[in-house]
There are 2 protein chains.
Amino acid sequence: MSRKRKPLPKKAKRVFKGVIFEVWQWKQKMFDGSYQVFERLKRPDTCQVIPIVGDKILIQMQKQPDVVKAFPSLPGGRRDEGETPLKAAKRELLEETGYASNEWKLWRKQEPYSKLIWTVYTFIASNCRKIQKTKGDSGEKTKPKLITFNEFLELSDNPDFYEKELVGVLHRARYDKKFQKEFYKLLFG
Amino acid sequence: MSRKRKPLPKKAKRVFKGVIFEVWQWKQKMFDGSYQVFERLKRPDTCQVIPIVGDKILIQMQKQPDVVKAFPSLPGGRRDEGETPLKAAKRELLEETGYASNEWKLWRKQEPYSKLIWTVYTFIASNCRKIQKTKGDSGEKTKPKLITFNEFLELSDNPDFYEKELVGVLHRARYDKKFQKEFYKLLFG
């Protein structure tokens, strides 16, 4: 999903480190031999999960303190340092929903924004079952919601849907019937 | 295209200002009454143009010094301070391609990434005609390319296509025939 930027040059320097974001800069040689300061951001990777529960998909209605109203989103969150994407996905699914699965596949790996070093992993977790209660988190209020395959595809039209990186593929699954069948099979086997 | 985040709180402080990006932070009261430092980025808005030339769409094959190979993109660029989005779009189209138009419409206004204060305006410029030569820029090498409506829709599958914010709607136009007709009419009248 992303054109290939060259990796951050070795001479690049971190000029800012915040809570989520880092800013890196370097002097880039231009085509005419002149130099310009180029800037790129870095943030922790994120993992999102499509949890399959029977013939439904488990999403959440989420409230956040800096967002006006509840919005639909997939379970998921930031990958901790040293954690594999799969481990982060399992942890987030369990923490947020209380559900677990033994059947995981990595479906997509995207770098949604070209000036930002940030990878989004999308996992499909089949045959999920609830194994523990959820403990609320100070910063989020979430309510689980089981939706059908068609309702999932229709999220591509919902301006509040959190996972913007998936809008393209959900649109496609909605209108390209061949791809829709493949996608259904991928999710529900 | 974006769930409504509350505007940057008045107490937010700019903690970094780079070449493109600014970083802002504030103490956010959480649902349980505790506080956390929240972080948001700001960058200049960008304008992109779909230039209609006869029955074709004018895109560019663009090379950039930090990108591995040439990639397809729409004409466009950053809005200067104090410049309206439309003025920026006209300026960028002319600078990058030498083309101009008297028939402009704003088609989309998006905020593609929720942690980033950044608006992307997409304009349609009808009946474009070439009025001047282009002067190369030190940092980009672009070649104009006229493509058909179908080729334009197929860019939604091209991992190198620059305007990721348009992938969803191009996918839809490809597979939803009713929407495809409307979109064709919007572009070619």
# chains A, B, ... in the order shown; residues from 1 in each chain; ligands from 1
>>> select_by_dssp(residues="segment 36-162 of chain A", states="alpha helix (DSSP H)", output="list of chain:residue names")
A:Pro85, A:Leu86, A:Lys87, A:Ala88, A:Ala89, A:Lys90, A:Arg91, A:Glu92, A:Leu93, A:Leu94, A:Glu95, A:Glu96, A:Thr97, A:Phe149, A:Asn150, A:Glu151, A:Phe152, A:Leu153, A:Glu154
>>> residues_around(residues="segment 25-42 of chain B", least_positions_apart="4", cutoff="10 Å", atoms="only C-alpha atoms", output="ChimeraX atom specification")
/A:18-21,63-66,136-141 /B:8-17,20-21,113-119
>>> residues_around(residues="Gln60 of chain A", least_positions_apart="4", cutoff="7 Å", atoms="only C-alpha atoms", output="list in words")
Pro72, Ser73, Leu74, Pro75, Thr142, Lys143, Pro144 and Lys145 of chain A
>>> closest_residue(among="A:Arg5, A:Lys133, A:Arg43, A:Lys105", to="Val67 of chain B", atoms="only C-alpha atoms")
A:Arg5
>>> closest_residue(among="A:Leu155, A:Arg129, A:Ile59, A:Val49", to="Leu106 of chain A", atoms="only C-alpha atoms")
A:Val49
>>> atom_distance(atom1="atom CA of Pro85 of chain B", atom2="atom CA of Glu22 of chain B")
20.1 Å
>>> atom_distance(atom1="atom CA of Val23 of chain B", atom2="atom CA of Glu165 of chain A")
22.8 Å
>>> closest_residue(among="A:Leu146, A:Leu94, A:Leu187, A:Met61", to="Phe161 of chain A", atoms="only C-alpha atoms")
A:Met61
>>> closest_residue(among="A:Arg172, A:Arg108, A:Lys90, A:Lys178", to="chain B", atoms="only C-alpha atoms")
A:Arg172
